[in-house]
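Presented below is the structure to which this report refers.
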Protein chains: 2
Amino acid sequence: MTQLELQGRAAKKASRQLAVAGTALKNRALEAIAKALMAHEEEILAANAEDVAAAQANGMIASMVDRLTLDHARIRAMASGVREVAALPDPVGEVVHTTVRPNGLRIGKRRVPLGVIGIIYESRPNVTVDAAVLCLKSGNAVILRGGKEAFASNRVLVELMQSALASVELPADTVSLVMDTTRESATALINLTEYLDVLIPRGGRGLIRSVAANARVPVIRTGEGICHVYVDEMADLQMACEIAFNAKCSRPSVCNAMECLLVHRGVAQQFLPMFRPFLRRKKVEIRGDEETAMILGSSVVPATAEDWDTEYGDYILAVKVVGSLEEAIAFCNRHGTGHSEAIVTDSYSAAQRFLDEVDAAAVYVNASTRFTDGGEFGLGAEIGISTQKMHARGPMGLEELTSFKYVIYGDGQVR
Amino acid sequence: MTQLELQGRAAKKASRQLAVAGTALKNRALEAIAKALMAHEEEILAANAEDVAAAQANGMIASMVDRLTLDHARIRAMASGVREVAALPDPVGEVVHTTVRPNGLRIGKRRVPLGVIGIIYESRPNVTVDAAVLCLKSGNAVILRGGKEAFASNRVLVELMQSALASVELPADTVSLVMDTTRESATALINLTEYLDVLIPRGGRGLIRSVAANARVPVIRTGEGICHVYVDEMADLQMACEIAFNAKCSRPSVCNAMECLLVHRGVAQQFLPMFRPFLRRKKVEIRGDEETAMILGSSVVPATAEDWDTEYGDYILAVKVVGSLEEAIAFCNRHGTGHSEAIVTDSYSAAQRFLDEVDAAAVYVNASTRFTDGGEFGLGAEIGISTQKMHARGPMGLEELTSFKYVIYGDGQVR
């Protein structure tokens, strides 16, 4: 057996114990983790400083160094995040449905943990704690495989979580870190079918696509977001400006930000000049189709076919004029990633058709795409936003980290 | 584009239309299909006779020829199966949950079809109709890839369904058949990620394992069943005989049949001789561990390690004596396929521990494993029994062929 297989086997064993651990015990573990993070701040910061120094020496770009860096405030935020997860309702054990059959069998559908969850992510040490505690609260064991640039930080964080688990007599193997940060270890993890029940990649598009394309373990794809806002012929144009500005500019790097604005031909002449000052405030580059360029003039960069399929994650916006609601819907379905799509309209029938026909995790009428988020949806916390249809779609909270089993009570029934 | 890619694209397009088709329209299509099956019985039988003749000429074994063969009664059963599906409630459109957020956003979680479902199966023409109509009723398009020995039958059946769809103005591409029955076409289908939302293999263990191991499209594994009945120390032994006999002998070829009987050491001396006459009635071969052989004598075939991991699908039963409830649970979790597991006991605590700790789709107290079935569970019909934890677990009815989308009603909210 390889080191990773041994780790998988230990996680599987831990998961069986965790599946029957009560809420109070899991919450004690979470509280112990929160305390350990605060008590061992200096160790965490020292390990993180090593990672940051090495990353800088290797020429890591500033925005990535920022994501890698921990400080007092970030560690405190981690700890309070852990306590927030402790405060969430435990989904495990709930019987969502019971049937009594004519033969007297009582069949209950009971929520149970998935088992062992693999998380592959980039060099963000906060994900280490965040993902681990969501898995723990939902009764799952987790195998973490973080980016190699955060290895020293991750190792300390995982050791602290393991000690905290042991202190309340839960198995330390509930949370473990892949100690080998080579590409081979990632390949081995995504093929660890015997021990992993599901794999969740968290990070950029490249990581997610590569994991989804190569994994033999079932994957939940998260966080790819080419989101559209469609300004309908019947839109309140002032509202459309506010929504489109918010969707593009409130945080352009995240997956629920708008990448492409669609504008109905009937209002384009009026709307686009109204909207331009909003974009100028943030120096947003406009990549427009011909009609957009005709209306807004030479500041528009001509869009290429590639622009319609690009997640910029930046102050860049693709803009296209469309002739009809149907064209807008078809465009969203063709170029979107199934994440979040919005229409701005006061037409009841246009709103209904958009909701019905756009195929995405979250479809909005008269609101910004930026709301697609576990916290905003009231799930309390999220491990990612699923853009697939199987198992979970949209923001994934604790419930989405569970499965079901049927428990059947008989008194001698045979068939 | 390959032929299959064109077919995938057409199915995707059809699926968008079907997703918004109302229940009445889908039911009209189902009724038209049922009528067409009855009206074109002679054509179906003629095509099927070709398949059967070729299969016999190629030396297909009798039990497989039987599964391939259609007759008047079987076609009538198909048609009435279609009408039963029409009578089931339509899961699509149901809003399972609505939240109103503090900012006034109304967030509904609406049930929607998965999209395009691929079904890979063996030479059973009844699966062609059965799977297609379940997909249709749940608003999904389907691409069928049946065994080559049933190709002539499948082609006629799919053509009839396509005409029926067209007659009610639903797209004929809602149901289509992969026309190439080579191994290459199966490989292409399981990698058709751009158009298939999910793939459900139906058939023997070899088919399912090979699809699950090689597919890049998300797969739902179904129908692998190594199921156990555990006769606890506190069992009513008469009830245990009835349940174990039913679980093994009522239909040994199906996935919810028992393959292995576990008996607590404290009752083995009494139970095994009581149970033997039941097994003799059906000439069941016993493959037992040493203790079983000591109790039952030389008629017991010594079990090898392989027996604990074999799905016989036949009148063969593995038998093992265990020392404790814990050992029984661990054995089920180690050797079971996560399908159906049963305990016979009158101990409250043993029953609860078995229900909690056994990791399977269906866990029974004092009832036969044979009840794991969509009809028996009250789902009305099933497309298979999932043995995985992601998306669906246990019998899969219409709801399990759906996903969700969030529909969000705002009045100008920005974040």
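Here's how to read the names in the structure tokens: chain A, B, ... by the order shown, residue numbers from 1 in each chain, ligand numbers from 1 in the order shown.
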Might you pull out every residue within 8 Å of Cys332 of chain A, with only C-alpha atoms counted and same-chain residues fewer than 5 positions away left off, and present them as a PyMOL selection string? chain A and resi 227-228+341+358
With only C-alpha atoms as the counted atoms, please give the residues lying no more than 8 Å from segment 165-181 of chain B, apart from itself and same-chain residues fewer than 3 positions off, as a PyMOL selection string. chain B and resi 4+7+10-11+14-15+17-18+25+28-29+32-33+132+136+140-148+151+154-155+158+161-162+185-186
Give the strand (DSSP E) residues of segment 13-211 of chain B, as DSSP finds them on the backbone, and put them as a PyMOL selection string. chain B and resi 95-100+106-113+116-121+141-145+175-177+198-202
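Within 7 Å of Val414 of chain B, once only C-alpha atoms are used and residues closer than 3 positions along the same chain are dropped, the contacting residues are Ile243, Asn246, Ala367 and Ser368 of chain A.
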DSSP on the backbone, helix (DSSP H, G or I) only: what residues of segment 111-202 of chain A does that give? Format it as a ChimeraX atom specification. /A:125-137,148-167,172-174,183-190
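When atom CA of Leu189 of chain B is paired with atom CA of Ile220 of chain B, their separation reads 14.6 Å.
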If we count only C-alpha atoms and set the cut-off at 9 Å, which residues sit around Met234 of chain B, ignoring sequence neighbours fewer than 2 positions away in its own chain? Please answer as a JSON list (two decimals) with N, CA, C and O atoms, in the first residue's frame.
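For reference, selection-v2.json as written:
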```json
[["chain", "number", "residue", "atom", "x", "y", "z"],
["B", 231, "VAL", "N", -28.15, -12.74, 11.36],
["B", 231, "VAL", "CA", -29.02, -13.30, 12.38],
["B", 231, "VAL", "C", -28.35, -13.09, 13.73],
["B", 231, "VAL", "O", -27.34, -13.70, 14.05],
["B", 232, "ASP", "N", -28.92, -12.15, 14.48],
["B", 232, "ASP", "CA", -28.32, -11.73, 15.74],
["B", 232, "ASP", "C", -28.59, -12.75, 16.84],
["B", 232, "ASP", "O", -29.50, -13.59, 16.74],
["B", 236, "ASP", "N", -35.47, -13.73, 16.66],
["B", 236, "ASP", "CA", -36.52, -14.74, 16.61],
["B", 236, "ASP", "C", -36.11, -15.68, 15.47],
["B", 236, "ASP", "O", -36.12, -15.29, 14.30],
["B", 237, "LEU", "N", -35.72, -16.88, 15.82],
["B", 237, "LEU", "CA", -35.07, -17.74, 14.81],
["B", 237, "LEU", "C", -36.04, -18.21, 13.73],
["B", 237, "LEU", "O", -35.64, -18.43, 12.58],
["B", 264, "HIS", "N", -24.80, -15.13, 14.42],
["B", 264, "HIS", "CA", -24.10, -14.92, 15.69],
["B", 264, "HIS", "C", -23.76, -16.29, 16.31],
["B", 264, "HIS", "O", -24.60, -17.20, 16.31],
["B", 266, "GLY", "N", -23.63, -17.30, 19.20],
["B", 266, "GLY", "CA", -24.51, -17.73, 20.30],
["B", 266, "GLY", "C", -25.75, -18.48, 19.85],
["B", 266, "GLY", "O", -26.37, -19.20, 20.65],
["B", 267, "VAL", "N", -26.13, -18.31, 18.59],
["B", 267, "VAL", "CA", -27.34, -19.01, 18.11],
["B", 267, "VAL", "C", -27.06, -19.91, 16.91],
["B", 267, "VAL", "O", -27.97, -20.57, 16.40],
["B", 344, "VAL", "N", -31.67, -9.45, 11.76],
["B", 344, "VAL", "CA", -32.86, -10.01, 12.40],
["B", 344, "VAL", "C", -32.54, -10.04, 13.89],
["B", 344, "VAL", "O", -31.56, -10.68, 14.31],
["B", 345, "THR", "N", -33.31, -9.32, 14.67],
["B", 345, "THR", "CA", -33.03, -9.23, 16.11],
["B", 345, "THR", "C", -34.25, -8.72, 16.84],
["B", 345, "THR", "O", -35.10, -8.04, 16.24],
["B", 346, "ASP", "N", -34.31, -9.03, 18.13],
["B", 346, "ASP", "CA", -35.30, -8.36, 18.96],
["B", 346, "ASP", "C", -34.61, -7.43, 19.95],
["B", 346, "ASP", "O", -35.26, -6.89, 20.86],
["B", 347, "SER", "N", -33.33, -7.23, 19.76],
["B", 347, "SER", "CA", -32.61, -6.30, 20.64],
["B", 347, "SER", "C", -32.72, -4.89, 20.08],
["B", 347, "SER", "O", -32.28, -4.62, 18.96],
["B", 350, "ALA", "N", -29.18, -3.46, 19.48],
["B", 350, "ALA", "CA", -28.51, -4.06, 18.31],
["B", 350, "ALA", "C", -29.13, -3.51, 17.02],
["B", 350, "ALA", "O", -28.41, -3.19, 16.06]]
```
Counting only C-alpha atoms, the option among B:Arg124, B:Arg111, B:His391, B:Lys320 closest to chain A: B:His391
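Proximity ranking of A:Arg334, A:Leu105, A:Ala188, A:Ile226 relative to Asn366 of chain B places A:Leu105 first, based on only C-alpha atoms.
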Could you state the separation of atom CA of Glu291 of chain B and atom CA of Val322 of chain B in Å, given to one decimal place? 9.3 Å
So which residues touch Met258 of chain A within 12 Å, counting only C-alpha atoms, skipping near sequence neighbours fewer than 4 positions away, as an MDAnalysis selection string? chainID A and resid 224:230 243:254 262 308 310:319 332 336:337 339:343 367:372
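Counting only C-alpha atoms and comparing B:Ile208, B:Ile383, B:Val112, B:Val133, the residue that lies closest to chain A is B:Val112.
Straight-line separation from atom CA of Leu355 of chain B to atom CA of Ala381 of chain B: 25.4 Å.
For Gly384 of chain A, the set of protein, DNA and RNA residues having any atom at most 6 Å away, when counting only C-alpha atoms and skipping those fewer than 6 positions along the same chain, is Thr222, Pro395 and Met396 of chain A.
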Arg83 of chain B environment, 10 Å, only C-alpha atoms, sequence neighbours closer than 2 positions dropped, as an NGL selection string: :B and (27 or 30-35 or 77-81 or 85-88 or 133)
